[in-house]
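Colleague: Take a look at the following structure, please.
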Amino acid sequence: MLKILIVDDHALFREGLAHVLHGLGEETIILEAGNVDRAVQDAAAHPELDLVLLDLNMPGQDGFTALDIFTRQYPALPIVILSASTHRSDIQRCLDAGALGYIPKDTTSTVMINAIRLVLSGGIYTPPSLVQVEDETADSAETNGNGLTPRQMQVLHLLVQGCSNKEIAAEMALAEATIKMHISSILKSLGVSNRTQAAMAAEKLGLVTTRN
């Protein structure tokens with residue numbers, strides 16, 4: 001059984017989303033909150049929550065405020081942003097703040113369900129638009145010739161030093177979810193499947209040097 005909290009100020013949207021969520025194929029209990037205060041109350045009253053779907057643009061305290069509250073008070077609770085905004089800055093800000101997914105509201109119901117399943121299984125969902133922008137940036141901005149951005153190079157150096165995702169996140173002042181996303185991109189760019197292989201490949205390519 002799943003218990004999901006929808007936080008959005010439009011009742012009609014919450015009703016439609018609740019219908020879509022039953023497509024998860026499991027017994028699903030849907031809680032609804034029209035503002036941040038109510039959402040925080042619901043989270044406190046239902047510690048067994050499996051997921052929060054959070055809108056950014058709400059009256060009073062906005063979704064960024066709610067995201068900060070949830071990630072501080074309930075660090076183990078997956079938060080997925082569901083917003084009309086497709087601005088890369090908003091998407092990146094949410095991921096850096098600890099959201100495990102960002103689903104634009106114009107996403108199809110099938111993609112939405114698959115994204116939610118990914119997050120519930122421990123993954124991170126980022127919209128294709130963000131991945132496309134990052135790929136274009138890697139091609140046109142500073143890269144090292146292997147498709148890695150300066151930030152990904154920084155992550156790679158810390159990875160080679162043996163730092164955990166949590167340690168890298170603390171060093172770079174980013175959310176652990178963002179570090180996981182960067183590491184996935186690094187593995188893909190280097191054509192490897194794990195951190196050890198990434199470190200070996202990076203050293204072989206001369207991207208990093210290890211201390212004896």
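For the structure tokens, the naming scheme is as follows: chains receive sequential letters (A, B, ...) according to their order of presentation, residues are indexed from 1 within each chain, and ligands are indexed from 1 in presentation order.
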Would you list the contacts of A:Ile183 as a PDB file with C-alpha atoms, in the first residue's frame, taking every protein, DNA or RNA residue within 8 Å and counting only C-alpha atoms, but skipping same-chain residues closer than 4 positions in sequence?

Modeller:
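Just written: selection.pdb:
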```pdb
ATOM      1  CA  GLN A 152      31.490  16.936 -13.047  1.00  0.00           C
ATOM      2  CA  VAL A 155      32.889  15.397  -8.546  1.00  0.00           C
ATOM      3  CA  LEU A 156      35.231  13.009 -10.358  1.00  0.00           C
ATOM      4  CA  ILE A 179      25.731  14.259  -6.776  1.00  0.00           C
ATOM      5  CA  LEU A 187      29.858   6.929 -15.709  1.00  0.00           C
TER       6      LEU A 187
END
```

Colleague: For stretch 19-91 of chain A versus stretch 11-15 of chain A, which residues have an atom no more than 8 Å away, and what is each residue's nearest atom pair and distance in Å rounded to one decimal, using only C-alpha atoms, chain-then-number order, as a Markdown table?

Modeller:
```
| residue | atom | partner | partner_atom | distance |
| --- | --- | --- | --- | --- |
| A:His19 | CA | A:Glu15 | CA | 6.5 |
| A:Glu32 | CA | A:Arg14 | CA | 7.0 |
| A:Gly34 | CA | A:Ala11 | CA | 7.3 |
```

Colleague: So, with only C-alpha atoms as the atoms that count, which of A:Ser189, A:Arg117, A:Ala44, A:Asp8 lies closest to A:Asp62?

Modeller: A:Asp8

Colleague: Would you mind listing what lies within 10 Å of A:Ala169 as a PyMOL selection string, with only C-alpha atoms counted and same-chain residues fewer than 6 positions away left out?

Modeller: chain A and resi 96+155+158+163+175-180

Colleague: Go ahead and save the picked residues with C-alpha atoms, as a compact mmCIF listing (two decimals), in the first residue's frame.

Modeller:
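This went into result_24.txt:
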```
# COMPACT_ATOMS: atom_id res chain seq x y z
CA ASP A 96 20.15 20.89 -5.25
CA VAL A 155 32.89 15.40 -8.55
CA LEU A 158 36.50 13.70 -5.12
CA CYS A 163 34.79 10.21 -1.01
CA ALA A 175 22.22 17.81 -2.38
CA GLU A 176 23.22 14.15 -2.42
CA ALA A 177 20.61 13.56 -5.13
CA THR A 178 22.43 16.04 -7.37
CA ILE A 179 25.73 14.26 -6.78
CA LYS A 180 24.14 10.96 -7.78
```

Colleague: Could you find all residues in stretch 1-163 of chain A that DSSP calls helix (DSSP H, G or I) from the backbone, and write them as a PyMOL selection string?

Modeller: chain A and resi 11-24+36-45+63-73+88-96+109-120+128-140+150-160

Colleague: For the residues in the current selection, export C-alpha atoms as a PDB file, in the first residue's frame.

Modeller:
```
ATOM      1  CA  ALA A  11      -8.418  21.362  -6.213  1.00  0.00           C
ATOM      2  CA  LEU A  12      -9.275  20.282  -9.755  1.00  0.00           C
ATOM      3  CA  PHE A  13      -5.637  19.446 -10.488  1.00  0.00           C
ATOM      4  CA  ARG A  14      -5.335  17.480  -7.241  1.00  0.00           C
ATOM      5  CA  GLU A  15      -8.456  15.519  -8.151  1.00  0.00           C
ATOM      6  CA  GLY A  16      -7.132  14.717 -11.623  1.00  0.00           C
ATOM      7  CA  LEU A  17      -3.709  13.765 -10.299  1.00  0.00           C
ATOM      8  CA  ALA A  18      -5.237  11.489  -7.685  1.00  0.00           C
ATOM      9  CA  HIS A  19      -6.996   9.630 -10.485  1.00  0.00           C
ATOM     10  CA  VAL A  20      -3.725   9.275 -12.416  1.00  0.00           C
ATOM     11  CA  LEU A  21      -1.875   7.967  -9.354  1.00  0.00           C
ATOM     12  CA  HIS A  22      -4.162   4.975  -9.120  1.00  0.00           C
ATOM     13  CA  GLY A  23      -2.362   3.861 -12.278  1.00  0.00           C
ATOM     14  CA  LEU A  24       0.577   2.892 -10.065  1.00  0.00           C
ATOM     15  CA  VAL A  36       2.200  24.555   2.762  1.00  0.00           C
ATOM     16  CA  ASP A  37       0.846  24.807   6.325  1.00  0.00           C
ATOM     17  CA  ARG A  38      -1.672  22.049   5.684  1.00  0.00           C
ATOM     18  CA  ALA A  39       0.987  19.927   3.969  1.00  0.00           C
ATOM     19  CA  VAL A  40       3.299  20.166   6.988  1.00  0.00           C
ATOM     20  CA  GLN A  41       0.418  19.213   9.297  1.00  0.00           C
ATOM     21  CA  ASP A  42      -0.447  16.210   7.126  1.00  0.00           C
ATOM     22  CA  ALA A  43       3.172  15.038   7.068  1.00  0.00           C
ATOM     23  CA  ALA A  44       3.341  15.215  10.848  1.00  0.00           C
ATOM     24  CA  ALA A  45       0.059  13.322  11.169  1.00  0.00           C
ATOM     25  CA  GLY A  63       7.001  25.269  -2.842  1.00  0.00           C
ATOM     26  CA  PHE A  64      10.668  26.116  -2.318  1.00  0.00           C
ATOM     27  CA  THR A  65       9.872  26.908   1.320  1.00  0.00           C
ATOM     28  CA  ALA A  66       7.943  23.661   1.652  1.00  0.00           C
ATOM     29  CA  LEU A  67      10.786  21.699   0.075  1.00  0.00           C
ATOM     30  CA  ASP A  68      13.216  23.157   2.603  1.00  0.00           C
ATOM     31  CA  ILE A  69      10.887  22.254   5.485  1.00  0.00           C
ATOM     32  CA  PHE A  70      10.329  18.693   4.277  1.00  0.00           C
ATOM     33  CA  THR A  71      13.996  17.932   3.561  1.00  0.00           C
ATOM     34  CA  ARG A  72      15.026  19.215   6.993  1.00  0.00           C
ATOM     35  CA  GLN A  73      12.246  17.617   9.041  1.00  0.00           C
ATOM     36  CA  ARG A  88      16.318  25.020 -15.806  1.00  0.00           C
ATOM     37  CA  SER A  89      17.160  27.238 -12.827  1.00  0.00           C
ATOM     38  CA  ASP A  90      14.028  26.076 -10.980  1.00  0.00           C
ATOM     39  CA  ILE A  91      14.720  22.425 -11.794  1.00  0.00           C
ATOM     40  CA  GLN A  92      18.340  22.615 -10.679  1.00  0.00           C
ATOM     41  CA  ARG A  93      17.443  24.591  -7.547  1.00  0.00           C
ATOM     42  CA  CYS A  94      14.970  21.901  -6.488  1.00  0.00           C
ATOM     43  CA  LEU A  95      17.406  19.046  -7.124  1.00  0.00           C
ATOM     44  CA  ASP A  96      20.148  20.889  -5.251  1.00  0.00           C
ATOM     45  CA  SER A 109       0.372  10.494 -17.355  1.00  0.00           C
ATOM     46  CA  THR A 110       2.427   7.501 -18.515  1.00  0.00           C
ATOM     47  CA  VAL A 111       5.723   9.345 -18.114  1.00  0.00           C
ATOM     48  CA  MET A 112       4.574  10.700 -14.745  1.00  0.00           C
ATOM     49  CA  ILE A 113       3.745   7.231 -13.440  1.00  0.00           C
ATOM     50  CA  ASN A 114       7.091   5.860 -14.627  1.00  0.00           C
ATOM     51  CA  ALA A 115       8.927   8.805 -13.039  1.00  0.00           C
ATOM     52  CA  ILE A 116       7.177   8.226  -9.724  1.00  0.00           C
ATOM     53  CA  ARG A 117       7.964   4.512  -9.852  1.00  0.00           C
ATOM     54  CA  LEU A 118      11.609   5.370 -10.462  1.00  0.00           C
ATOM     55  CA  VAL A 119      11.735   7.609  -7.394  1.00  0.00           C
ATOM     56  CA  LEU A 120       9.892   5.072  -5.228  1.00  0.00           C
ATOM     57  CA  PRO A 128      14.636  15.275 -20.588  1.00  0.00           C
ATOM     58  CA  SER A 129      14.819  19.056 -21.085  1.00  0.00           C
ATOM     59  CA  LEU A 130      17.411  19.333 -18.298  1.00  0.00           C
ATOM     60  CA  VAL A 131      19.463  16.446 -19.637  1.00  0.00           C
ATOM     61  CA  GLN A 132      19.395  18.028 -23.099  1.00  0.00           C
ATOM     62  CA  VAL A 133      20.597  21.374 -21.768  1.00  0.00           C
ATOM     63  CA  GLU A 134      23.402  19.690 -19.822  1.00  0.00           C
ATOM     64  CA  ASP A 135      24.464  17.766 -22.937  1.00  0.00           C
ATOM     65  CA  GLU A 136      24.494  20.970 -24.999  1.00  0.00           C
ATOM     66  CA  THR A 137      26.508  22.692 -22.281  1.00  0.00           C
ATOM     67  CA  ALA A 138      29.020  19.860 -22.255  1.00  0.00           C
ATOM     68  CA  ASP A 139      29.403  20.175 -26.025  1.00  0.00           C
ATOM     69  CA  SER A 140      29.643  23.962 -26.245  1.00  0.00           C
ATOM     70  CA  PRO A 150      33.829  21.551 -14.766  1.00  0.00           C
ATOM     71  CA  ARG A 151      31.418  20.564 -11.985  1.00  0.00           C
ATOM     72  CA  GLN A 152      31.490  16.936 -13.047  1.00  0.00           C
ATOM     73  CA  MET A 153      35.288  17.089 -13.044  1.00  0.00           C
ATOM     74  CA  GLN A 154      35.157  18.311  -9.460  1.00  0.00           C
ATOM     75  CA  VAL A 155      32.889  15.397  -8.546  1.00  0.00           C
ATOM     76  CA  LEU A 156      35.231  13.009 -10.358  1.00  0.00           C
ATOM     77  CA  HIS A 157      38.289  14.246  -8.431  1.00  0.00           C
ATOM     78  CA  LEU A 158      36.496  13.701  -5.118  1.00  0.00           C
ATOM     79  CA  LEU A 159      35.221  10.306  -6.255  1.00  0.00           C
ATOM     80  CA  VAL A 160      38.767   9.209  -7.111  1.00  0.00           C
TER      81      VAL A 160
END
```

Colleague: Fewer than 5 positions away in the same chain doesn't count, so skip those; otherwise give me all residues within 10 Å of A:Lys188, counting only C-alpha atoms, as an NGL selection string.

Modeller: :A and (147 or 182-183 or 193-194 or 198)

Colleague: Between atom CA of A:Leu56 and atom CA of A:Lys105, what is the spacing in Å?

Modeller: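 So the answer is 11.1 Å.
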
Colleague: May I ask which of the residues A:Ala199, A:Ala84, A:Met1, A:Ile30 is the closest one to A:Asp55, counting only C-alpha atoms?

Modeller: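 Once distances to A:Asp55 are computed over only C-alpha atoms, the minimum belongs to A:Ala84.
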
Colleague: Give me every strand (DSSP E or B) residue in chain A, going by DSSP on the backbone, as a PDB file with C-alpha atoms, in the first residue's frame.

Modeller:
```
ATOM      1  CA  LEU A   2       1.232   3.481  -0.896  1.00  0.00           C
ATOM      2  CA  LYS A   3       0.395   6.726   0.840  1.00  0.00           C
ATOM      3  CA  ILE A   4       1.042   9.859  -1.224  1.00  0.00           C
ATOM      4  CA  LEU A   5       0.560  13.507  -0.311  1.00  0.00           C
ATOM      5  CA  ILE A   6      -0.355  15.927  -3.122  1.00  0.00           C
ATOM      6  CA  VAL A   7       0.440  19.567  -2.318  1.00  0.00           C
ATOM      7  CA  THR A  28      -2.918   3.906  -3.014  1.00  0.00           C
ATOM      8  CA  ILE A  29      -4.129   6.320  -0.362  1.00  0.00           C
ATOM      9  CA  ILE A  30      -4.080   9.936  -1.521  1.00  0.00           C
ATOM     10  CA  LEU A  31      -3.858  12.877   0.869  1.00  0.00           C
ATOM     11  CA  GLU A  32      -4.402  16.409  -0.419  1.00  0.00           C
ATOM     12  CA  ALA A  33      -3.162  19.771   0.842  1.00  0.00           C
ATOM     13  CA  LEU A  51       5.966  10.240  -1.257  1.00  0.00           C
ATOM     14  CA  VAL A  52       5.138  13.942  -1.508  1.00  0.00           C
ATOM     15  CA  LEU A  53       4.208  15.549  -4.825  1.00  0.00           C
ATOM     16  CA  LEU A  54       4.803  19.265  -4.405  1.00  0.00           C
ATOM     17  CA  ILE A  79       9.891  14.709  -2.490  1.00  0.00           C
ATOM     18  CA  VAL A  80       9.015  15.117  -6.158  1.00  0.00           C
ATOM     19  CA  ILE A  81       8.320  18.556  -7.587  1.00  0.00           C
ATOM     20  CA  LEU A  82       5.344  18.760  -9.940  1.00  0.00           C
ATOM     21  CA  SER A  83       5.333  22.218 -11.499  1.00  0.00           C
ATOM     22  CA  GLY A 101      12.490  14.321  -8.996  1.00  0.00           C
ATOM     23  CA  TYR A 102      11.073  17.172 -11.047  1.00  0.00           C
ATOM     24  CA  ILE A 103       8.054  16.489 -13.256  1.00  0.00           C
ATOM     25  CA  PRO A 104       6.734  19.295 -15.494  1.00  0.00           C
ATOM     26  CA  TYR A 125      13.961  11.581 -12.124  1.00  0.00           C
TER      27      TYR A 125
END
```
